[in-house]
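The structure appears below as structure tokens.
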Amino acid sequence: MRPVKRVELVVPAPEVTALLADLEALGIHDYTAVKGVSGRGSRGQRGDDPFGTFDNTYVLIACEPEEAERVVMLVRPLLSKRGGICLVSDAVWVRH
Amino acid sequence: MRPVKRVELVVPAPEVTALLADLEALGIHDYTAVKGVSGRGSRGQRGDDPFGTFDNTYVLIACEPEEAERVVMLVRPLLSKRGGICLVSDAVWVRH
Amino acid sequence: MRPVKRVELVVPAPEVTALLADLEALGIHDYTAVKGVSGRGSRGQRGDDPFGTFDNTYVLIACEPEEAERVVMLVRPLLSKRGGICLVSDAVWVRH
Amino acid sequence: MNTDALQNLADPAVLFFFLGLFVGFVRSNLEIPAPVAKFLSLYLLLSLGFKGGQAMREAGFTADGVKVLSAAIVLALTIPVLAFVVLRRRVSPYDAAAIAATYGSVSAVTFLAASQFVTDQGTPAGGYLTVALVLMESPAIVMAVVLATWVRTSDPATAASGGVPPSPRSVIGHALTDGANLLLIGSLVVGYISGADGGTAMNPFVDGIFKGLLAFFLLEMGLLVARQLREVRDIGPFLIVFALVTPLVDAALALGIGTALGLSVGDLTLLAVLGASGSYIVVPAVVRFAIPEARPSRYLTMALAVTFPFNIVVGIPLYHAAAERLVG
Amino acid sequence: MNTDALQNLADPAVLFFFLGLFVGFVRSNLEIPAPVAKFLSLYLLLSLGFKGGQAMREAGFTADGVKVLSAAIVLALTIPVLAFVVLRRRVSPYDAAAIAATYGSVSAVTFLAASQFVTDQGTPAGGYLTVALVLMESPAIVMAVVLATWVRTSDPATAASGGVPPSPRSVIGHALTDGANLLLIGSLVVGYISGADGGTAMNPFVDGIFKGLLAFFLLEMGLLVARQLREVRDIGPFLIVFALVTPLVDAALALGIGTALGLSVGDLTLLAVLGASGSYIVVPAVVRFAIPEARPSRYLTMALAVTFPFNIVVGIPLYHAAAERLVG
Amino acid sequence: MNTDALQNLADPAVLFFFLGLFVGFVRSNLEIPAPVAKFLSLYLLLSLGFKGGQAMREAGFTADGVKVLSAAIVLALTIPVLAFVVLRRRVSPYDAAAIAATYGSVSAVTFLAASQFVTDQGTPAGGYLTVALVLMESPAIVMAVVLATWVRTSDPATAASGGVPPSPRSVIGHALTDGANLLLIGSLVVGYISGADGGTAMNPFVDGIFKGLLAFFLLEMGLLVARQLREVRDIGPFLIVFALVTPLVDAALALGIGTALGLSVGDLTLLAVLGASGSYIVVPAVVRFAIPEARPSRYLTMALAVTFPFNIVVGIPLYHAAAERLVG
Ligand SMILES: Nc1ncnc2c1ncn2[C@@H]1O[C@H](COP(=O)(O)O)[C@@H](O)[C@H]1O
Ligand SMILES: Nc1ncnc2c1ncn2[C@@H]1O[C@H](COP(=O)(O)O)[C@@H](O)[C@H]1O
Ligand SMILES: Nc1ncnc2c1ncn2[C@@H]1O[C@H](COP(=O)(O)O)[C@@H](O)[C@H]1O
Ligand code: NA
Ligand code: NA
Ligand code: NA
């Protein structure tokens with residue numbers, strides 16, 4: 001059991017590939033992603049789009065606090081340019 | 001970075017449209033939704049239903065604490081009449 | 001409103017049926033599951049698999065702290081043998 | 001009837017239903033993705049409606065059509081009352097109302113399997129049977145909701161609990177705008193308007209690959225029924241017997257009325273199937289909202305896990321054999 | 001034109017579009033699962049490309065083909081400029097560029113509906129029209145991106161904000177590798193290479209069930225348009241009028257050029273449809289990335305909720321009637 | 001062989017595989033939704049089984065059928081042993097067992113592509129080849145699991161680590177109830193029982209649109225292979241060479257046995273393809289559970305990213321040309 005940060009992102013689906021590559025470059029390899037997510041934010045309604053252009057993807061990253069800071073730094077400009085949200089919360093990781 | 005509440009709902013899929021309209025009326029516009037979610041609760045097994053009648057939808061709302069209270073007020077009767085759960089936790093919202 | 005534990009699991013999709021049966025045997029009946037989840041962890045890239053063999057499933061369980069401990073005990077060997085992660089965090093459950 | 005039944009059991013669509021049951025029983029990891037299963041159910045409704053509309057246009061409104069529709073309305077109004085009277089002493093009145101709606105309404109998939117069967121037997125039915133299917137879909141639901149409202153208002157506990165029941169207006173709105181219902185009716189209208197050219201263009205889709213997609217869907221239904229059957233113990237012996245006897249009683253009623261009206265073998269068989277089948281698509285979608293007190297683990301499981309396989313395996317050839325005896 | 005229009009409205013695919021609109025307006029719970037809708041749009045592109053490639057191979061590069069492709073290029077370069085000039089005083093320059101790209105590019109689904117229409121009318125078009133569709137897809141996007149870059153560099157606010165715009169290289173990469181675009185071009189090439197045997201083997205899939213799957217997709221398009229129409233007020237009266245008048249102007253332009261070149265009725269009609277239609281698949285996929293300042297609630301809603309239904313219902317028979325007057 | 005190979009490369013299904021590869025290499029955003037890809041793989045297994053069962057019923061159990069099935073069993077037992085012996089010194093014994101299972105078992109999609117090819121070449125194979133496919137699916141898996149258990153018990157580290165391996169009973173349960181396996185066998189049985197009428201009714205689904213859906217699936221396979229190829233470096237040069245040479249060796253073995261038995265060109269080619277192909281559906285589904293120590297990034301990547309495209313592009317026409325030389 002180790003305290004970690006849960007970083008949650010909701011980002012435009014077409015941005016995810018580039019985002020994951022950027023995280024990889026930061027040394028953050030592990031994540032979980034849920035596709036086909038809809039929602040509403042400052043850019044209006046998104047999702048349920050038969051062409052997949054305006055879908056969101058939800059990304060969950062469990063990581064060390066200092067890694068979480070790097071993730072936050074990385075995604076901030078992405079969020080303001082292309083939309084999406086980022087939440088950070090606390091959790092305990094069950095080590096195995 | 002601003003502390004916010006993460007309100008998580010798991011509700012019957014056919015209720016979501018009305019729920020979002022009610023939230024809208026409360027001034028809560030933003031959310032993220034994941035469809036096609038299955039589960040088990042006090043009303044038994046739900047989901048994986050070829051007709052979509054008994055699917056759940058997962059809804060995530062990041063909001064101010066006082067907004068979270070309004071959401072809780074709104075959903076409570078819905079949950080007891082139609083089923084579902086509501087969890088509230090803490091997070092930090094990365095402002096961009 | 002009651003404080004509870006949020007137990008989040010990301011496990012190989014084909015393990016979920018057995019996992020839920022084991023939880024059932026522990027007296028933990030309620031859960032929410034999201035299928036078709038992809039990700040990357042110590043076992044490499046998973047998901048987006050046309051045959052469903054290497055998909056993940058996300059499972060959320062809201063429960064009492066002592067139940068959470070039982071869940072953790074149960075899943076630990078599964079996680080080390082078959083892969084996946086388990087996070088535990090705090091939330092408030094809106095009673096209805 | 002023996003050879004009929006054997007022939008029905010050798011139909012690939014029915015065989016795939018058995019395969020699904022078997023695969024579900026041995027707890028295989030076989031799974032039809034939910035979005036695909038939803039698509040298949042929409043496809044079946046669309047094709048059913050479209051072909052019904054086309055048949056209506058070709059045949060026009062015949063005397064037989066008028067007879068079938070009259071019989072259908074009588075059945076749709078009688079069956080739920082009978083069911084409610086039998087059930088109300090044995091289960092909660094809300095469950096009784098929901099089950100009454102289930103058996104008063106109809107199952108489109110059972111109807112499809114039966115249509116294929118009577119066609120294969122050389123005794124096809126008229127296009128107005130699809131109209132009868134549509135007509136029988138809703139009256140039982142409306143009646144059940146009225147019954148539930150009446151129970152609710154005469155029940156002091158409800159008033160005390162302060163729960164606000166759904167308003168009649170919103171309930172009727174739900175029933176009328178239910179997706180499966182609208183798609184079936186809409187496709188019927190589209191099929192009727194489209195004419196011969198439209199029919200020819202749509203034919204490979206709504207007819208050519210129909211049997212194959214029905215087989216695929218019945219494979220999924222087999223998996224689903226196997227899953228539901230695990231929970232069938234919860235409904236208890238009385239309701240299991242009810243779910244097996246009701247189709248026989250309702251079919252007998254339909255056969256009686258239909259014979260009196262002088263229907264053909266095909267029409268008579270399908271009328272019996274409409275009477276005998278229980279709804280597991282449209283009724284749950286509306287009752288879930290309109291009678292939230294009723295438990296789907298009862299009304300849905302009965303229709304899906306007991307009555308549906310019973311009709312597919314035993315009922316359809318049985319009603320057909322009876323129809324042949326009566327008017328063949 | 002009257003009977004043409006009526007015949008178009010009795011086409012099952014168009015009728016299913018109306019059914020979708022209606023079902024969406026009454027806020028039914030009917031929903032086509034998103035993965036299935038995505039599959040249908042990929043299927044339509046694949047079939048369209050494959051059949052276009054087959055037709056190209058059969059007919060070779062005729063003089064008519066060369067004329068159509070020249071006209072297509074002229075339209076693809078003219079329309080976005082016209083649109084941008086009209087729009088730039090009324091909306092933000094980024095929105096103006098995005099809308100210009102939308103109308104300069106084309107809608108494959110509108111093209112499909114029109115192809116079926118001209119074939120049903122006995123005036124089929126040549127296979128090179130599919131090549132014209134492919135050719136017209138991208139130039140307007142490139143022009144719009146160039147315009148947006150020019151606006152951006154000449155706008156002091158941008159420099160101040162410090163936002164780094166996407167590089168031209170990555171924008172062109174996006175445009176060229178967009179999935180819908182690649183699938184269409186790729187299927188065209190596959191269809192061309194496959195030859196007659198391949199065509200015969202693929203025919204039941206790309207042609208037999210095509211009308212049915214198109215109808216299903218148009219049902220989904222109706223649902224989608226009904227949803228989008230709820231937000232149409234946000235785009236304001238000027239843009240609504242723009243979205244209705246632009247197709248007429250662009251079609252007139254296409255009809256003029258095509259008549260001068262002596263095209264056949266079928267070719268002329270489809271050229272008009274290419275001019276008149278606005279893109280809601282490829283353009284949003286690229287512009288979303290390349291001109292993030294533009295609002296999809298404008299360019300996408302205009303193309304999808306206004307121009308698309310206008311072309312399906314009014315435009316296609318109108319352009320066809322005009323083509324018949326001009327060269328029939 | 002030259003013209004054979006060219007003809008294979010001009011087959012639309014194979015061309016769509018190349019298109020998928022290309023689209024994947026340029027990292028386009030094209031994506032087949034996962035539920036649809038799963039449906040397509042189920043469809044292919046269902047159609048393959050159904051048509052195999054129908055062919056079996058028509059032809060009965062011929063002497064050729066007995067020969068093919070005997071040869072298939074010999075191959076299924078020989079190939080994994082050979083592979084394990086070669087591999088055990090180079091990779092971990094668990095990986096060796098998993099790779100041995102992969103090549104001892106078969107790839108249904110490769111088999112489908114090859115069936116189409118031999119039919120197009122005018123040398124169709126018998127329906128019992130599908131039975132051979134089914135027979136070859138499992139023995140290698142069982143052998144590999146036995147090998148892994150033997151390695152595990154003779155390895156002191158395992159005992160120390162205290163990890164409890166899956167019990168043989170649960171492993172065999174997994175292998176027998178695997179969804180892909182059951183669907184294939186079940187459809188074979190359904191096809192056999194259904195008879196001629198059932199076959200006619202199912203034909204537009206299992207045969208008419210088959211080529212098109214196979215092409216669509218191979219498009220997805222191309223995308224998948226392109227993704228997997230990015231990780232191919234991890235498997236190292238030895239295993240890449242192994243994944244290219246093994247199909248040639250196994251095909252030669254099959255051609256030798258088949259020629260000795262006097263099989264026809266079509267039967268011989270498909271037998272070679274069964275030997276040469278590696279499983280990436282059934283084997284990973286079972287081995288994932290039964291030999292968790294083995295890395296899918298090795299056994300799956302080899303079968304999917306190296307051997308599968310090799311067989312599709314080079315192998316099938318090569319084995320066919322060899323078969324024609326040997327017995328044509
Ligand atoms: N307050 C919020 N709570 C939950 N999800 C949100 C919230 N705001 C935005 N989102 C999600 O983030 C996506 C993009 O947000 P935006 O860029 O603000 O339009 C939306 O489509 C939602 O899915
Ligand atoms: N303790 C729990 N943990 C996670 N999800 C739950 C829990 N209880 C209920 N749910 C979800 O909420 C849905 C409706 O719950 P209920 O109304 O209690 O049947 C279930 O189908 C589950 O998806
Ligand atoms: N640090 C992490 N954050 C989020 N998800 C993770 C993380 N590590 C692993 N996962 C998820 O758990 C799955 C199995 O992990 P593993 O067994 O480590 O390969 C991965 O495919 C991811 O979906
Ligand atoms: Na009934
Ligand atoms: Na245009
Ligand atoms: Na093999």
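Chain labels run A, B, ... following the order of the structure tokens; each chain numbers its residues from 1, and ligands are numbered from 1 in the order shown.
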
* Please report as a ChimeraX atom specification which residues of chain C come no farther than 6 Å from chain F, using only C-alpha atoms. => /C:48,50-51,53

Please produce, as CSV, a per-residue contact table for chain D versus chain E (criterion: any atom at most 6 Å away, only C-alpha atoms considered), showing the nearest atom pair and its distance in Å to one decimal, sorted by chain then residue number.
```
residue,atom,partner,partner_atom,distance
D:Pro35,CA,E:Pro33,CA,5.4
D:Thr177,CA,E:Ser28,CA,4.7
D:Asp178,CA,E:Ser28,CA,5.7
D:Gly179,CA,E:Leu30,CA,3.9
D:Ser194,CA,E:Ala10,CA,5.2
D:Gly198,CA,E:Pro12,CA,5.8
D:Met202,CA,E:Gly212,CA,5.2
D:Pro204,CA,E:Ile209,CA,5.4
D:Phe205,CA,E:Ile209,CA,4.7
```

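Near chain A, the residues of chain B that fall inside 8 Å (using only C-alpha atoms) are His29, Asp30, Tyr31, Thr32, Ala33, Val34, Lys35, Asp90, Ala91, Val92, Trp93, Val94, Arg95 and His96 of chain B.
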
Residue subset to file, keeping C-alpha atoms, as a PDB file, in the first residue's frame:
```
ATOM      1  CA  HIS B  29     -23.929  22.496 -17.137  1.00  0.00           C
ATOM      2  CA  ASP B  30     -20.709  20.520 -17.251  1.00  0.00           C
ATOM      3  CA  TYR B  31     -20.322  16.774 -16.903  1.00  0.00           C
ATOM      4  CA  THR B  32     -18.695  13.689 -18.397  1.00  0.00           C
ATOM      5  CA  ALA B  33     -20.710  10.527 -19.136  1.00  0.00           C
ATOM      6  CA  VAL B  34     -19.736   6.926 -19.879  1.00  0.00           C
ATOM      7  CA  LYS B  35     -22.451   4.777 -21.408  1.00  0.00           C
ATOM      8  CA  ASP B  90     -12.323  15.601  -3.110  1.00  0.00           C
ATOM      9  CA  ALA B  91      -9.998  16.577  -5.911  1.00  0.00           C
ATOM     10  CA  VAL B  92      -7.924  19.447  -7.205  1.00  0.00           C
ATOM     11  CA  TRP B  93      -8.907  20.898 -10.563  1.00  0.00           C
ATOM     12  CA  VAL B  94      -6.017  21.915 -12.792  1.00  0.00           C
ATOM     13  CA  ARG B  95      -7.007  25.319 -14.109  1.00  0.00           C
ATOM     14  CA  HIS B  96      -5.847  26.218 -17.555  1.00  0.00           C
TER      15      HIS B  96
END
```

* To do: Taking only C-alpha atoms and all ligand atoms into account, report as an NGL selection string which residues have an atom no farther than 7 Å from an atom of ligand 6.
  => :F and (103-106 or 274-278)

* To do: Using only C-alpha atoms and all ligand atoms, find each residue with an atom at most 12 Å away from ligand 5 and format the answer as an NGL selection string.
  => :E and (72-80 or 82-83 or 99-108 or 110-111 or 132-141 or 243 or 246-254 or 270-280 or 283 or 303 or 307-308 or 311)

Using DSSP on the backbone coordinates, identify the residues of chain A assigned to alpha helix (DSSP H); present them as a short mmCIF file (atom, residue, chain, number, x, y, z; two decimals) with C-alpha atoms, in the first residue's frame.
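See out_33.cif below for the written result:
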```cif
data_model
loop_
_atom_site.label_atom_id
_atom_site.label_comp_id
_atom_site.auth_asym_id
_atom_site.auth_seq_id
_atom_site.Cartn_x
_atom_site.Cartn_y
_atom_site.Cartn_z
CA VAL A 16 -4.93 10.95 -26.99
CA THR A 17 -2.26 9.35 -29.17
CA ALA A 18 -0.08 12.46 -29.04
CA LEU A 19 -0.75 12.93 -25.33
CA LEU A 20 0.36 9.40 -24.51
CA ALA A 21 3.49 9.83 -26.59
CA ASP A 22 4.29 13.02 -24.67
CA LEU A 23 3.71 11.28 -21.33
CA GLU A 24 5.96 8.46 -22.49
CA ALA A 25 8.68 11.02 -23.19
CA PRO A 65 3.12 13.04 -6.50
CA GLU A 66 6.11 14.46 -8.36
CA GLU A 67 5.11 12.59 -11.50
CA ALA A 68 1.63 14.05 -11.15
CA GLU A 69 3.16 17.50 -11.19
CA ARG A 70 4.93 16.72 -14.43
CA VAL A 71 1.70 15.44 -15.95
CA VAL A 72 -0.09 18.62 -14.90
CA MET A 73 2.61 20.78 -16.46
CA LEU A 74 2.38 18.82 -19.67
CA VAL A 75 -1.38 18.84 -20.07
CA ARG A 76 -2.10 22.42 -19.06
CA PRO A 77 -1.36 23.97 -22.49
CA LEU A 78 -3.14 21.07 -24.21
CA LEU A 79 -6.26 21.65 -22.14
CA SER A 80 -6.36 25.35 -22.88
CA LYS A 81 -5.73 24.92 -26.59
CA ARG A 82 -7.76 21.81 -27.36
#
```

* Asked: Which distance in Å separates atom 12 (O, counted along the ligand's line) of ligand 3 and CA of Ile291 (chain F), to one decimal?
  -> 19.3 Å

* Asked: Which is closer to Val86 (chain E) than all the others in E:Ala59, E:Ala175, E:Val232, E:Val245, using only C-alpha atoms?
  ->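 Of all the options, E:Val245 lies closest to Val86 (chain E).
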
From a DSSP pass on the backbone, collect the residues of region 1-87 of chain B flagged as strand (DSSP E) and hand them back as a PDB file with C-alpha atoms, in the first residue's frame.
```
ATOM      1  CA  ARG B   2      -8.558  24.737  -7.199  1.00  0.00           C
ATOM      2  CA  PRO B   3     -10.106  22.286  -4.740  1.00  0.00           C
ATOM      3  CA  VAL B   4     -13.363  20.906  -6.096  1.00  0.00           C
ATOM      4  CA  LYS B   5     -15.815  18.121  -5.440  1.00  0.00           C
ATOM      5  CA  ARG B   6     -15.947  15.079  -7.687  1.00  0.00           C
ATOM      6  CA  VAL B   7     -19.566  13.915  -7.796  1.00  0.00           C
ATOM      7  CA  GLU B   8     -19.890  10.425  -9.289  1.00  0.00           C
ATOM      8  CA  LEU B   9     -23.262   8.995 -10.244  1.00  0.00           C
ATOM      9  CA  VAL B  10     -24.244   5.594 -11.575  1.00  0.00           C
ATOM     10  CA  VAL B  11     -27.819   5.870 -12.835  1.00  0.00           C
ATOM     11  CA  PRO B  12     -30.203   3.957 -15.116  1.00  0.00           C
ATOM     12  CA  TYR B  31     -20.322  16.774 -16.903  1.00  0.00           C
ATOM     13  CA  THR B  32     -18.695  13.689 -18.397  1.00  0.00           C
ATOM     14  CA  ALA B  33     -20.710  10.527 -19.136  1.00  0.00           C
ATOM     15  CA  VAL B  34     -19.736   6.926 -19.879  1.00  0.00           C
ATOM     16  CA  LYS B  35     -22.451   4.777 -21.408  1.00  0.00           C
ATOM     17  CA  GLY B  36     -22.937   1.025 -21.474  1.00  0.00           C
ATOM     18  CA  VAL B  37     -21.911   0.493 -17.861  1.00  0.00           C
ATOM     19  CA  SER B  38     -23.014  -2.647 -16.025  1.00  0.00           C
ATOM     20  CA  GLY B  39     -23.241  -3.411 -12.321  1.00  0.00           C
ATOM     21  CA  ARG B  40     -25.086  -4.807  -9.384  1.00  0.00           C
ATOM     22  CA  GLY B  41     -26.822  -3.015  -6.535  1.00  0.00           C
ATOM     23  CA  GLY B  44     -30.012  -6.709  -8.799  1.00  0.00           C
ATOM     24  CA  GLN B  45     -27.856  -7.227 -11.849  1.00  0.00           C
ATOM     25  CA  ARG B  46     -27.967  -4.553 -14.576  1.00  0.00           C
ATOM     26  CA  ASN B  56     -26.407   2.075 -16.410  1.00  0.00           C
ATOM     27  CA  THR B  57     -24.604   5.292 -17.249  1.00  0.00           C
ATOM     28  CA  TYR B  58     -21.710   6.659 -15.198  1.00  0.00           C
ATOM     29  CA  VAL B  59     -21.673  10.459 -14.776  1.00  0.00           C
ATOM     30  CA  LEU B  60     -18.785  12.497 -13.384  1.00  0.00           C
ATOM     31  CA  ILE B  61     -19.270  16.128 -12.335  1.00  0.00           C
ATOM     32  CA  ALA B  62     -16.444  18.297 -11.072  1.00  0.00           C
ATOM     33  CA  CYS B  63     -17.884  21.300  -9.244  1.00  0.00           C
ATOM     34  CA  ILE B  85     -25.604   5.554  -6.472  1.00  0.00           C
ATOM     35  CA  CYS B  86     -23.920   8.880  -5.764  1.00  0.00           C
ATOM     36  CA  LEU B  87     -20.419   9.281  -4.350  1.00  0.00           C
TER      37      LEU B  87
END
```
